[in-house]
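Engineer: The structure's right below; bear with me while I get my questions together.
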Amino acid sequence: MSQKRILKAKIGELLLERNLISQKQLEKALEEQKEKGGYISQHLIALGYVNEIHIAECLASQYGFAYLPLDRYEITPQLLKILPFKLINIYSLLPLGRSGNSLEVVMADPLNEGVIDMLRQVTGCEIEVFISTYSEIRNSINYYFPVEIKNKNKEEFDASGLIKGEMLKSFIQVKGYEDAKEKREYKRKEVDLGIIYFSQDKSCKGRIKNISYGGLMFVSETFISVEKNIYANIVCKILLQDVTINAVVQVIRVEKLQENPPKYSLAGFFNFISDEDRLKLTILLH
């Protein structure tokens, strides 16, 4: 069984501590991330402040992740089937090997505990993390999944022109003021949508009763403990198309509704959602 690391510091803080970037450079990268989404490491690289090797070496030194140059590594077709392609593509990771109840995975962002917990839920395995650069992982994904990449590009969800610049503001309402700082909460939309999620490598179903830009509430027969991260598929229709929104949801409230058969009301926030799926959610809420 792999040893779970305690991951507290973020990559920007680690680079700052090692004098690889300045506070001003970090703030600039954070502004870019806030505006464009994506990982902070990608913006630090795009701005020319660091390179991918700096980030990989920093994470390997700080947390003991083994660095793996993927151009020298061959992954078998059987291993590639362990994880759904969409997970591999969205989160930029690849399965490397499996031994008993342990699955080796290479990632560019090993500090994302939500994604690692999601992998545990989907596979039922303990996850042993290796690190590689984002470019190496993307090159390998393109190499191993040429058909899937081609099909994805053809079927890309096109919502251009549908999102107004001010639309997101409609999902946030002022809750009140505290210490002269404005507090906000997301408006909820009452819905009746299907949700499929993974718990202990089993697929479970439920019904979403309300959803917001920040999270959701759903009803299910399966108990999930508070603070657990689950990988969820939200099934809905957008512009008359059948669409699935994928997200990592962290459960923050559980209420038992009935004893037999068991039924629970669960609420959680989106711990991780890709830019593509965030766009779908925005249209759904409009």
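Letters A, B, ... mark the chains of the structure tokens in the order given; residue numbers begin at 1 per chain; ligand numbers begin at 1, in order shown.
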DSSP on the backbone, then: every residue of region 54-286 of chain A marked strand (DSSP E or B), written as a CSV table (one decimal) with N, CA and C atoms, in the first residue's frame.
Structural biologist:
chain,number,residue,atom,x,y,z
A,66,ALA,N,8.9,10.4,-7.6
A,66,ALA,CA,10.0,9.9,-8.5
A,66,ALA,C,9.6,10.5,-9.9
A,67,TYR,N,10.7,11.2,-10.5
A,67,TYR,CA,10.5,11.7,-11.9
A,67,TYR,C,10.6,10.7,-12.9
A,93,LEU,N,-2.9,12.8,-17.0
A,93,LEU,CA,-2.3,11.7,-16.3
A,93,LEU,C,-2.3,10.4,-17.1
A,94,LEU,N,-1.5,9.4,-16.7
A,94,LEU,CA,-1.5,8.1,-17.4
A,94,LEU,C,-1.3,7.0,-16.3
A,95,PRO,N,-1.9,5.9,-16.5
A,95,PRO,CA,-1.6,4.7,-15.6
A,95,PRO,C,-0.3,4.1,-16.1
A,96,LEU,N,0.5,3.7,-15.2
A,96,LEU,CA,1.8,3.1,-15.5
A,96,LEU,C,1.9,1.6,-15.2
A,97,GLY,N,1.4,1.2,-14.1
A,97,GLY,CA,1.5,-0.2,-13.7
A,97,GLY,C,0.5,-0.5,-12.6
A,98,ARG,N,0.2,-1.8,-12.5
A,98,ARG,CA,-0.7,-2.2,-11.4
A,98,ARG,C,-0.2,-3.5,-10.8
A,99,SER,N,-0.1,-3.4,-9.4
A,99,SER,CA,0.3,-4.6,-8.7
A,99,SER,C,-0.6,-4.8,-7.5
A,102,SER,N,-2.5,-1.8,-5.8
A,102,SER,CA,-1.7,-0.5,-6.0
A,102,SER,C,-1.7,-0.2,-7.5
A,103,LEU,N,-2.0,1.1,-7.8
A,103,LEU,CA,-2.0,1.5,-9.2
A,103,LEU,C,-1.0,2.7,-9.3
A,104,GLU,N,0.0,2.5,-10.2
A,104,GLU,CA,1.0,3.6,-10.4
A,104,GLU,C,0.5,4.5,-11.5
A,105,VAL,N,0.5,5.8,-11.2
A,105,VAL,CA,0.0,6.9,-12.1
A,105,VAL,C,1.0,8.0,-12.2
A,106,VAL,N,1.2,8.5,-13.4
A,106,VAL,CA,2.1,9.6,-13.7
A,106,VAL,C,1.3,10.8,-13.9
A,107,MET,N,1.6,11.9,-13.2
A,107,MET,CA,0.9,13.2,-13.3
A,107,MET,C,1.8,14.4,-13.4
A,126,GLU,N,-5.1,1.9,-4.2
A,126,GLU,CA,-4.2,2.9,-3.6
A,126,GLU,C,-3.4,3.5,-4.8
A,127,ILE,N,-3.2,4.8,-4.8
A,127,ILE,CA,-2.5,5.4,-5.9
A,127,ILE,C,-1.1,5.8,-5.6
A,128,GLU,N,-0.1,5.3,-6.3
A,128,GLU,CA,1.3,5.6,-6.2
A,128,GLU,C,1.6,6.6,-7.3
A,129,VAL,N,2.0,7.8,-6.9
A,129,VAL,CA,2.2,8.9,-7.9
A,129,VAL,C,3.6,9.0,-8.4
A,130,PHE,N,3.8,9.1,-9.7
A,130,PHE,CA,5.1,9.5,-10.3
A,130,PHE,C,4.8,10.9,-11.0
A,131,ILE,N,5.9,11.6,-11.2
A,131,ILE,CA,5.8,12.9,-11.8
A,131,ILE,C,6.5,13.0,-13.1
A,172,ILE,N,-24.0,34.6,-8.6
A,172,ILE,CA,-23.5,35.0,-7.3
A,172,ILE,C,-24.4,36.1,-6.7
A,173,GLN,N,-24.8,35.9,-5.5
A,173,GLN,CA,-25.6,36.9,-4.8
A,173,GLN,C,-24.8,37.4,-3.5
A,174,VAL,N,-25.0,38.6,-3.2
A,174,VAL,CA,-24.4,39.1,-1.9
A,174,VAL,C,-25.1,38.5,-0.7
A,175,LYS,N,-24.4,37.9,0.1
A,175,LYS,CA,-25.0,37.3,1.3
A,175,LYS,C,-24.9,38.3,2.5
A,176,GLY,N,-23.9,39.1,2.6
A,176,GLY,CA,-23.8,40.1,3.7
A,176,GLY,C,-22.4,40.6,3.8
A,177,TYR,N,-22.2,41.4,4.8
A,177,TYR,CA,-20.9,42.0,5.0
A,177,TYR,C,-20.4,41.6,6.4
A,178,GLU,N,-19.1,41.3,6.4
A,178,GLU,CA,-18.5,40.9,7.6
A,178,GLU,C,-17.0,41.5,7.7
A,181,LYS,N,-15.8,43.2,4.6
A,181,LYS,CA,-15.6,42.4,3.4
A,181,LYS,C,-16.9,41.8,2.9
A,182,GLU,N,-17.1,41.9,1.7
A,182,GLU,CA,-18.3,41.3,1.1
A,182,GLU,C,-18.3,39.8,1.0
A,183,LYS,N,-19.3,39.1,1.6
A,183,LYS,CA,-19.4,37.7,1.5
A,183,LYS,C,-20.4,37.3,0.4
A,184,ARG,N,-20.1,36.3,-0.3
A,184,ARG,CA,-21.0,35.9,-1.4
A,184,ARG,C,-21.3,34.4,-1.3
A,185,GLU,N,-22.4,34.1,-1.9
A,185,GLU,CA,-22.8,32.7,-2.0
A,185,GLU,C,-23.4,32.4,-3.4
A,186,TYR,N,-23.3,31.2,-3.9
A,186,TYR,CA,-23.8,30.9,-5.2
A,186,TYR,C,-25.3,30.7,-5.2
A,189,LYS,N,-30.0,26.4,-8.4
A,189,LYS,CA,-31.1,26.2,-9.4
A,189,LYS,C,-31.7,24.9,-9.1
A,190,GLU,N,-33.0,24.9,-8.9
A,190,GLU,CA,-33.8,23.6,-8.7
A,190,GLU,C,-33.8,22.8,-10.0
A,191,VAL,N,-33.4,21.5,-9.9
A,191,VAL,CA,-33.3,20.7,-11.1
A,191,VAL,C,-33.8,19.3,-10.7
A,192,ASP,N,-33.8,18.4,-11.7
A,192,ASP,CA,-34.0,17.0,-11.4
A,192,ASP,C,-33.2,16.3,-12.5
A,193,LEU,N,-31.9,16.1,-12.1
A,193,LEU,CA,-30.9,15.5,-13.1
A,193,LEU,C,-30.3,14.2,-12.5
A,194,GLY,N,-29.9,13.4,-13.4
A,194,GLY,CA,-29.2,12.2,-13.0
A,194,GLY,C,-27.8,12.4,-12.6
A,195,ILE,N,-27.2,11.7,-11.7
A,195,ILE,CA,-25.8,11.8,-11.3
A,195,ILE,C,-25.3,10.4,-11.2
A,196,ILE,N,-24.2,10.1,-11.8
A,196,ILE,CA,-23.5,8.8,-11.6
A,196,ILE,C,-22.1,9.1,-11.0
A,197,TYR,N,-21.9,8.4,-9.9
A,197,TYR,CA,-20.6,8.7,-9.2
A,197,TYR,C,-20.0,7.3,-8.8
A,198,PHE,N,-18.7,7.4,-8.4
A,198,PHE,CA,-18.0,6.2,-8.1
A,198,PHE,C,-17.6,6.2,-6.6
A,199,SER,N,-17.9,5.1,-5.9
A,199,SER,CA,-17.6,4.9,-4.5
A,199,SER,C,-17.0,3.5,-4.3
A,202,LYS,N,-17.2,1.2,-7.2
A,202,LYS,CA,-18.5,0.8,-7.7
A,202,LYS,C,-19.2,2.1,-8.2
A,203,SER,N,-20.0,1.8,-9.3
A,203,SER,CA,-20.8,2.9,-9.9
A,203,SER,C,-22.1,3.1,-9.1
A,204,CYS,N,-22.4,4.3,-8.7
A,204,CYS,CA,-23.7,4.5,-7.9
A,204,CYS,C,-24.5,5.6,-8.7
A,205,LYS,N,-25.8,5.6,-8.4
A,205,LYS,CA,-26.7,6.5,-9.1
A,205,LYS,C,-27.4,7.4,-8.1
A,206,GLY,N,-27.8,8.5,-8.5
A,206,GLY,CA,-28.7,9.4,-7.6
A,206,GLY,C,-29.4,10.4,-8.5
A,207,ARG,N,-30.1,11.3,-7.8
A,207,ARG,CA,-30.8,12.4,-8.5
A,207,ARG,C,-30.4,13.8,-7.9
A,208,ILE,N,-29.9,14.7,-8.7
A,208,ILE,CA,-29.6,16.0,-8.3
A,208,ILE,C,-30.8,16.8,-8.1
A,209,LYS,N,-31.0,17.5,-7.0
A,209,LYS,CA,-32.2,18.3,-6.7
A,209,LYS,C,-31.9,19.8,-6.8
A,210,ASN,N,-30.7,20.2,-6.6
A,210,ASN,CA,-30.3,21.6,-6.9
A,210,ASN,C,-28.8,21.7,-7.2
A,211,ILE,N,-28.5,22.7,-8.0
A,211,ILE,CA,-27.1,22.8,-8.4
A,211,ILE,C,-26.8,24.3,-8.5
A,215,GLY,N,-21.5,24.1,-6.4
A,215,GLY,CA,-21.7,22.7,-5.9
A,215,GLY,C,-23.1,22.2,-6.2
A,216,LEU,N,-23.5,21.1,-5.5
A,216,LEU,CA,-24.8,20.5,-5.8
A,216,LEU,C,-25.3,19.8,-4.6
A,217,MET,N,-26.6,19.5,-4.6
A,217,MET,CA,-27.2,18.6,-3.6
A,217,MET,C,-27.9,17.5,-4.3
A,218,PHE,N,-27.7,16.2,-3.9
A,218,PHE,CA,-28.3,15.1,-4.6
A,218,PHE,C,-28.8,14.1,-3.6
A,219,VAL,N,-29.7,13.2,-4.0
A,219,VAL,CA,-30.3,12.2,-3.2
A,219,VAL,C,-29.8,10.8,-3.7
A,220,SER,N,-29.4,9.9,-2.8
A,220,SER,CA,-28.9,8.6,-3.3
A,220,SER,C,-29.1,7.6,-2.2
A,229,ASN,N,-14.0,12.8,-1.4
A,229,ASN,CA,-14.1,13.3,-2.7
A,229,ASN,C,-14.6,12.2,-3.6
A,230,ILE,N,-15.6,12.5,-4.5
A,230,ILE,CA,-16.2,11.5,-5.4
A,230,ILE,C,-16.0,12.1,-6.8
A,231,TYR,N,-15.8,11.2,-7.8
A,231,TYR,CA,-15.8,11.6,-9.2
A,231,TYR,C,-17.2,11.4,-9.7
A,232,ALA,N,-17.8,12.5,-10.2
A,232,ALA,CA,-19.2,12.5,-10.5
A,232,ALA,C,-19.5,12.8,-12.0
A,233,ASN,N,-20.4,12.2,-12.6
A,233,ASN,CA,-20.9,12.5,-13.9
A,233,ASN,C,-22.3,13.1,-13.8
A,234,ILE,N,-22.5,14.3,-14.2
A,234,ILE,CA,-23.8,15.0,-14.2
A,234,ILE,C,-24.5,14.8,-15.5
A,235,VAL,N,-25.6,14.2,-15.6
A,235,VAL,CA,-26.2,13.9,-16.9
A,235,VAL,C,-27.3,14.9,-17.2
A,236,CYS,N,-27.2,15.6,-18.3
A,236,CYS,CA,-28.2,16.6,-18.6
A,236,CYS,C,-28.3,16.9,-20.1
A,237,LYS,N,-29.2,17.8,-20.4
A,237,LYS,CA,-29.4,18.2,-21.8
A,237,LYS,C,-29.0,19.7,-21.9
A,238,ILE,N,-28.2,20.0,-22.9
A,238,ILE,CA,-27.9,21.4,-23.1
A,238,ILE,C,-28.1,21.7,-24.6
A,241,GLN,N,-28.9,18.7,-26.7
A,241,GLN,CA,-27.9,17.7,-26.8
A,241,GLN,C,-27.7,17.0,-25.4
A,242,ASP,N,-27.5,15.7,-25.5
A,242,ASP,CA,-27.2,14.9,-24.3
A,242,ASP,C,-25.8,15.2,-23.9
A,243,VAL,N,-25.6,15.7,-22.7
A,243,VAL,CA,-24.3,16.2,-22.3
A,243,VAL,C,-23.9,15.6,-20.9
A,244,THR,N,-22.7,15.3,-20.6
A,244,THR,CA,-22.2,14.9,-19.3
A,244,THR,C,-21.2,15.9,-18.8
A,245,ILE,N,-21.4,16.3,-17.6
A,245,ILE,CA,-20.5,17.2,-17.0
A,245,ILE,C,-19.7,16.4,-15.9
A,246,ASN,N,-18.4,16.4,-16.0
A,246,ASN,CA,-17.6,15.7,-15.0
A,246,ASN,C,-17.0,16.6,-14.0
A,247,ALA,N,-17.0,16.2,-12.8
A,247,ALA,CA,-16.4,17.0,-11.7
A,247,ALA,C,-16.0,16.1,-10.5
A,248,VAL,N,-15.0,16.6,-9.7
A,248,VAL,CA,-14.7,16.0,-8.5
A,248,VAL,C,-15.5,16.8,-7.4
A,249,VAL,N,-16.3,16.1,-6.7
A,249,VAL,CA,-17.2,16.7,-5.7
A,249,VAL,C,-16.8,16.3,-4.3
A,250,GLN,N,-16.5,17.3,-3.4
A,250,GLN,CA,-16.2,17.0,-2.0
A,250,GLN,C,-17.5,17.1,-1.2
A,251,VAL,N,-17.8,16.0,-0.5
A,251,VAL,CA,-19.1,16.0,0.3
A,251,VAL,C,-18.9,16.8,1.6
A,252,ILE,N,-19.8,17.7,1.9
A,252,ILE,CA,-19.7,18.5,3.1
A,252,ILE,C,-20.9,18.3,4.0
A,253,ARG,N,-22.0,17.6,3.6
A,253,ARG,CA,-23.1,17.4,4.4
A,253,ARG,C,-23.8,16.1,4.0
A,254,VAL,N,-24.2,15.3,5.0
A,254,VAL,CA,-24.9,14.1,4.7
A,254,VAL,C,-26.1,14.0,5.7
A,255,GLU,N,-27.3,13.8,5.2
A,255,GLU,CA,-28.5,13.6,6.0
A,255,GLU,C,-29.3,12.4,5.6
A,256,LYS,N,-29.6,11.6,6.6
A,256,LYS,CA,-30.4,10.3,6.3
A,256,LYS,C,-31.8,10.7,6.2
A,257,LEU,N,-32.5,10.4,5.1
A,257,LEU,CA,-33.8,10.7,4.8
A,257,LEU,C,-34.8,9.6,5.3
A,258,GLN,N,-34.4,8.3,5.0
A,258,GLN,CA,-35.2,7.2,5.4
A,258,GLN,C,-34.3,6.0,5.7
A,263,LYS,N,-32.0,6.0,2.2
A,263,LYS,CA,-31.9,7.1,1.3
A,263,LYS,C,-31.2,8.3,2.0
A,264,TYR,N,-30.3,8.9,1.3
A,264,TYR,CA,-29.5,10.0,1.9
A,264,TYR,C,-29.6,11.3,1.0
A,265,SER,N,-29.6,12.4,1.7
A,265,SER,CA,-29.4,13.7,1.0
A,265,SER,C,-27.9,14.1,1.2
A,266,LEU,N,-27.2,14.4,0.1
A,266,LEU,CA,-25.8,14.7,0.2
A,266,LEU,C,-25.6,16.0,-0.5
A,267,ALA,N,-24.7,16.9,0.1
A,267,ALA,CA,-24.4,18.1,-0.5
A,267,ALA,C,-22.9,18.2,-0.6
A,268,GLY,N,-22.4,18.8,-1.6
A,268,GLY,CA,-20.9,19.0,-1.8
A,268,GLY,C,-20.6,20.1,-2.7
A,269,PHE,N,-19.3,20.5,-2.7
A,269,PHE,CA,-18.8,21.6,-3.6
A,269,PHE,C,-17.9,21.0,-4.6
A,270,PHE,N,-17.8,21.7,-5.7
A,270,PHE,CA,-16.9,21.2,-6.8
A,270,PHE,C,-15.4,21.5,-6.4
A,271,ASN,N,-14.7,20.4,-6.1
A,271,ASN,CA,-13.3,20.5,-5.7
A,271,ASN,C,-12.5,20.7,-6.9
A,272,PHE,N,-12.9,20.1,-8.0
A,272,PHE,CA,-12.2,20.2,-9.3
A,272,PHE,C,-13.1,20.1,-10.4
Engineer: Determine, counting only C-alpha atoms, which protein, DNA and RNA residues have an atom within 12 Å of an atom of Val50 (chain A); residues of the same chain fewer than 2 positions away are not included. Present the result as a PyMOL selection string.
Structural biologist: chain A and resi 11-12+15-16+18-22+25-26+29+40-48+52-58
Engineer: Restricting the output to N, CA and C atoms, write the selected residues as a compact mmCIF listing (two decimals), in the first residue's frame.
Structural biologist:
# COMPACT_ATOMS: atom_id res chain seq x y z
N ILE A 11 2.28 24.72 -5.48
CA ILE A 11 3.48 24.78 -6.29
C ILE A 11 4.05 26.20 -6.32
N GLY A 12 3.17 27.21 -6.38
CA GLY A 12 3.67 28.58 -6.38
C GLY A 12 4.45 28.92 -5.13
N LEU A 15 7.93 27.18 -5.26
CA LEU A 15 8.86 27.89 -6.15
C LEU A 15 9.34 29.19 -5.51
N LEU A 16 8.44 29.84 -4.77
CA LEU A 16 8.78 31.07 -4.08
C LEU A 16 9.81 30.81 -2.98
N ARG A 18 11.98 28.54 -2.88
CA ARG A 18 13.28 28.17 -3.46
C ARG A 18 13.88 29.28 -4.30
N ASN A 19 13.26 30.48 -4.23
CA ASN A 19 13.76 31.66 -4.95
C ASN A 19 13.82 31.45 -6.47
N LEU A 20 12.92 30.60 -6.98
CA LEU A 20 12.86 30.39 -8.41
C LEU A 20 11.94 31.41 -9.08
N ILE A 21 11.04 32.00 -8.28
CA ILE A 21 10.19 33.08 -8.76
C ILE A 21 10.09 34.14 -7.65
N SER A 22 9.62 35.32 -8.03
CA SER A 22 9.41 36.39 -7.05
C SER A 22 7.93 36.46 -6.68
N GLN A 25 6.01 37.96 -9.52
CA GLN A 25 5.78 37.02 -10.62
C GLN A 25 4.66 36.05 -10.28
N LEU A 26 4.62 35.59 -9.03
CA LEU A 26 3.56 34.69 -8.60
C LEU A 26 2.20 35.38 -8.70
N ALA A 29 1.07 35.52 -12.29
CA ALA A 29 0.60 34.21 -12.76
C ALA A 29 -0.77 33.89 -12.19
N ILE A 40 -1.73 26.81 -12.25
CA ILE A 40 -0.82 27.92 -12.01
C ILE A 40 0.54 27.64 -12.64
N SER A 41 0.97 26.37 -12.63
CA SER A 41 2.27 26.02 -13.21
C SER A 41 2.32 26.34 -14.70
N GLN A 42 1.19 26.13 -15.42
CA GLN A 42 1.16 26.42 -16.85
C GLN A 42 1.35 27.91 -17.12
N HIS A 43 0.78 28.75 -16.27
CA HIS A 43 0.91 30.19 -16.48
C HIS A 43 2.32 30.67 -16.10
N LEU A 44 2.91 30.09 -15.08
CA LEU A 44 4.28 30.44 -14.72
C LEU A 44 5.24 30.10 -15.86
N ILE A 45 4.98 28.99 -16.53
CA ILE A 45 5.81 28.58 -17.66
C ILE A 45 5.56 29.49 -18.86
N ALA A 46 4.27 29.75 -19.16
CA ALA A 46 3.92 30.58 -20.31
C ALA A 46 4.49 31.99 -20.19
N LEU A 47 4.58 32.50 -18.96
CA LEU A 47 5.13 33.84 -18.73
C LEU A 47 6.65 33.85 -18.75
N GLY A 48 7.25 32.67 -18.83
CA GLY A 48 8.70 32.57 -18.92
C GLY A 48 9.43 32.66 -17.59
N GLU A 52 9.39 23.65 -17.21
CA GLU A 52 8.74 22.45 -16.68
C GLU A 52 9.68 21.63 -15.80
N ILE A 53 10.95 21.61 -16.16
CA ILE A 53 11.91 20.84 -15.36
C ILE A 53 12.06 21.44 -13.97
N HIS A 54 12.03 22.78 -13.87
CA HIS A 54 12.09 23.44 -12.56
C HIS A 54 10.96 22.92 -11.66
N ILE A 55 9.75 22.87 -12.23
CA ILE A 55 8.58 22.46 -11.45
C ILE A 55 8.68 20.99 -11.06
N ALA A 56 9.05 20.14 -12.01
CA ALA A 56 9.17 18.71 -11.71
C ALA A 56 10.23 18.45 -10.65
N GLU A 57 11.37 19.11 -10.76
CA GLU A 57 12.44 18.91 -9.79
C GLU A 57 12.05 19.43 -8.41
N CYS A 58 11.31 20.53 -8.39
CA CYS A 58 10.86 21.12 -7.13
C CYS A 58 9.92 20.16 -6.40
Engineer: Counting only C-alpha atoms, which residue out of A:Pro262, A:Asn101, A:Gln62, A:Lys24 sits closest to Glu221 (chain A)?
Structural biologist: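 Closest candidate: A:Pro262.
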Engineer: Considering only C-alpha atoms, return as a count of residues only whatever protein or nucleic-acid residues lie within 12 Å of Tyr91 (chain A), sequence-local ones (same chain, fewer than 5 positions apart) excluded.
Structural biologist: 30
Engineer: Taking into account only C-alpha atoms, which residue in the set A:Pro261, A:Pro69, A:Gly64, A:Gly214 is nearest to Ser140 (chain A)?
Structural biologist: A:Pro69
